[in-house]
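Novice: Just dropping this structure here.
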Amino acid sequence: MRIAINGLAITRQMTGIGRVTLQSVRALLALDRENEYLLLLPFDAPDELDLAAENLEIFHSEASVSRPLKSIWFEEMEMPRKLKGARIDLYYTPSYLLPAARCAEAEVVCVHDLAWRFHPRSKSLQFRAWMNARLPAALKRASRIACVSHATATDLIAEYGTELASRVRVVHNGVDLSVFRPPESPATEPEHYIAVVGNQDPRKNIATLLEAFPAFRARMRPCRLVMAGPGRPPRTSPPAVDFVGYLSDEELVALYRGALLVVQPSLYEGFGLPVLEAMACGAPVACADIPVFREVAGNCARYFDPRDADAIAGVMTDLAGDETTRRELAERGAARARDFSWKRSAERLLAVFREAVA
């Protein structure tokens, strides 16, 4: 089987879909030596991708998610023509949409979340219009639909119809356990900071966390809040808040490992990689009580109502002041994270590919 994968989201500053795509491809190549892969990469892909494999062919395009119009032109016009001449059996897009022209007899799409439906302010009007116009056709045509969580699968079927259920498959995201892992020699005492990882998307709910932080710090005076993620810092924030911007994986690991605890206050997520990454690094986690975080973290986190600043401050205070509970959560979280390896994710995705062409 010849499989083409749309990797245009694999850019030098990857977030979300780009990171998931790269890790999925790496895991597929490590797992599968039988099938042939064609990976479509953007012009601004990293120089070192660690993707060497005899059954991989890479095509570099002039498109990228950093150039939306160029990317649309490539995906709609150039890519179908190229794939038509490449004898592709299956086309996989990790980013929702299919071009108007069929790319292969079997096509698989991945749905990460429906943020633009449930939290419209998190996306531009143009993005919402594009997705609302194009996604229904992609879902109708796709041989199989991979969803990154049961929560996303439930949302998708509720929004777009129960007739999708027979073609929807859950393929959980994973975590790179060779990178995101507890330190070999845990520090005797964590540093006095709370970490949060995410961008300034309204659904990430950073504003409510910033509202909660002064009440927390009034009881935990030495603590600071360290915010990591792409984009600009909030216009206003209380004292003792540090914005460190986009971090590499190695820098993220150091952030997670050193934190007193990691907090994720999102109102909505399709999966929530930072929760999984933090657990894999042995960090205690406090997070919003939303279905997908319950799905990923189980009993390995403390939960709060993300719309209630007092509740957020209370849970952070209780956890920061309870070393025994933090240690227990860290141990359970690290063990649970091992169930979300990229190898296991690739096994499920490959099974979806085989179903699609059967």
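Convention: chains lettered A, B, ... in structure tokens order; per-chain residue numbering from 1; ligands numbered from 1 as shown.
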Leaving out Leu209 of chain A and any residue of its chain fewer than 2 positions from it, which residues lie within 10 Å of it when counting only C-alpha atoms, given as a count of residues only?

Specialist: 21

Novice: Out of segment 163-226 of chain A, which residues get strand (DSSP E or B) from DSSP, as a list in words?

Specialist: Val168, Arg169, Val170, Val175, Tyr193, Ile194, Ala195, Val196, Val197, Arg224, Leu225 and Val226 of chain A

Novice: For Val171 of chain A, find every residue with an atom within 9 Å (counting only C-alpha atoms), except residues of its own chain fewer than 3 positions away, and show them as a list in words.

Specialist: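 Contacts, with the query itself left out: Cys110, Ala146, Cys147, Val148, Ser149, His150, Arg344, Ser345, Ala346, Arg348, Leu349 and Val352 of chain A.
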
Novice: What lies within 7 Å of Val241 of chain A using only C-alpha atoms, ignoring chain neighbours under 4 positions off, as a VMD selection string?

Specialist: chain A and resid 224 to 226 237

Novice: Could you write out that same residue set with C-alpha atoms as a JSON list (two decimals), in the first residue's frame?

Specialist:
```json
[["chain", "number", "residue", "atom", "x", "y", "z"],
["A", 224, "ARG", "CA", 5.15, 32.62, 40.58],
["A", 225, "LEU", "CA", 3.09, 31.69, 37.53],
["A", 226, "VAL", "CA", 5.11, 30.76, 34.44],
["A", 237, "SER", "CA", -1.49, 40.41, 34.31]]
```

Novice: Set the distance at 12 Å and use only C-alpha atoms: which residues neighbour Glu54 of chain A once local chain neighbours fewer than 6 positions away are removed? I'd like the list as a list in words.

Specialist: Leu29, Ala30, Asp32, Arg33, Glu34, Asn35, Glu36, Tyr37 and Leu38 of chain A

Novice: Could you give me, as an mmCIF file with N, CA and C atoms, in the first residue's frame, the residues within 9 Å of Tyr303 of chain A, counting only C-alpha atoms and dropping anything in the same chain fewer than 5 positions from it?

Specialist:
```
data_model
loop_
_atom_site.group_PDB
_atom_site.id
_atom_site.type_symbol
_atom_site.label_atom_id
_atom_site.label_comp_id
_atom_site.auth_asym_id
_atom_site.auth_seq_id
_atom_site.Cartn_x
_atom_site.Cartn_y
_atom_site.Cartn_z
ATOM 1 N N VAL A 285 -0.682 17.533 38.354
ATOM 2 C CA VAL A 285 -1.514 18.324 37.450
ATOM 3 C C VAL A 285 -2.821 18.712 38.125
ATOM 4 N N ALA A 286 -3.203 19.970 37.951
ATOM 5 C CA ALA A 286 -4.543 20.457 38.285
ATOM 6 C C ALA A 286 -5.154 20.972 36.993
ATOM 7 N N CYS A 287 -6.357 20.518 36.658
ATOM 8 C CA CYS A 287 -6.910 20.900 35.360
ATOM 9 C C CYS A 287 -8.418 21.053 35.409
ATOM 10 N N ALA A 288 -8.924 21.659 34.350
ATOM 11 C CA ALA A 288 -10.352 21.902 34.224
ATOM 12 C C ALA A 288 -11.120 20.586 34.192
ATOM 13 N N ASP A 289 -12.290 20.614 34.791
ATOM 14 C CA ASP A 289 -13.133 19.419 34.795
ATOM 15 C C ASP A 289 -13.955 19.397 33.514
ATOM 16 N N ILE A 290 -13.292 18.985 32.421
ATOM 17 C CA ILE A 290 -13.950 18.831 31.127
ATOM 18 C C ILE A 290 -13.749 17.389 30.668
ATOM 19 N N PHE A 293 -10.181 15.966 29.525
ATOM 20 C CA PHE A 293 -9.152 15.865 30.554
ATOM 21 C C PHE A 293 -9.427 14.677 31.469
ATOM 22 N N ARG A 294 -10.699 14.396 31.755
ATOM 23 C CA ARG A 294 -11.036 13.184 32.500
ATOM 24 C C ARG A 294 -10.615 11.941 31.719
ATOM 25 N N ILE A 312 -10.568 27.522 41.069
ATOM 26 C CA ILE A 312 -9.217 27.300 40.541
ATOM 27 C C ILE A 312 -8.183 27.617 41.626
ATOM 28 N N VAL A 315 -8.206 24.842 44.435
ATOM 29 C CA VAL A 315 -7.565 23.574 44.080
ATOM 30 C C VAL A 315 -6.054 23.750 43.990
#
```

Novice: What does the distance between atom CA of Arg181 of chain A and atom CA of Thr152 of chain A come to in Å, to one decimal place?

Specialist: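 Distance reported for this atom pair: 26.5 Å.
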
Novice: State, in Å with one decimal place, the distance from atom CA of Gly85 of chain A to atom CA of Ala53 of chain A.

Specialist: 22.0 Å

Novice: Nearest to Leu40 of chain A among A:Pro136, A:Gly16, A:Gly314, A:Gly7, with distances taken over only C-alpha atoms: which residue is it?

Specialist: A:Gly7

Novice: Smallest atom-to-atom distance to Ala133 of chain A: which of A:Leu98, A:Ile58, A:Arg338, A:Val197, using only C-alpha atoms?

Specialist: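 So, comparing all the options, the nearest one is A:Leu98.
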
Novice: Write out as a list of chain:residue names all residues of segment 38-132 of chain A that backbone DSSP assigns to alpha helix (DSSP H).

Specialist: A:Pro68, A:Leu69, A:Lys70, A:Ser71, A:Ile72, A:Trp73, A:Met79, A:Pro80, A:Arg81, A:Lys82, A:Leu83, A:Lys84, A:Ala115, A:Trp116, A:Arg117, A:Phe118, A:Leu125, A:Gln126, A:Phe127, A:Arg128, A:Ala129, A:Trp130, A:Met131, A:Asn132
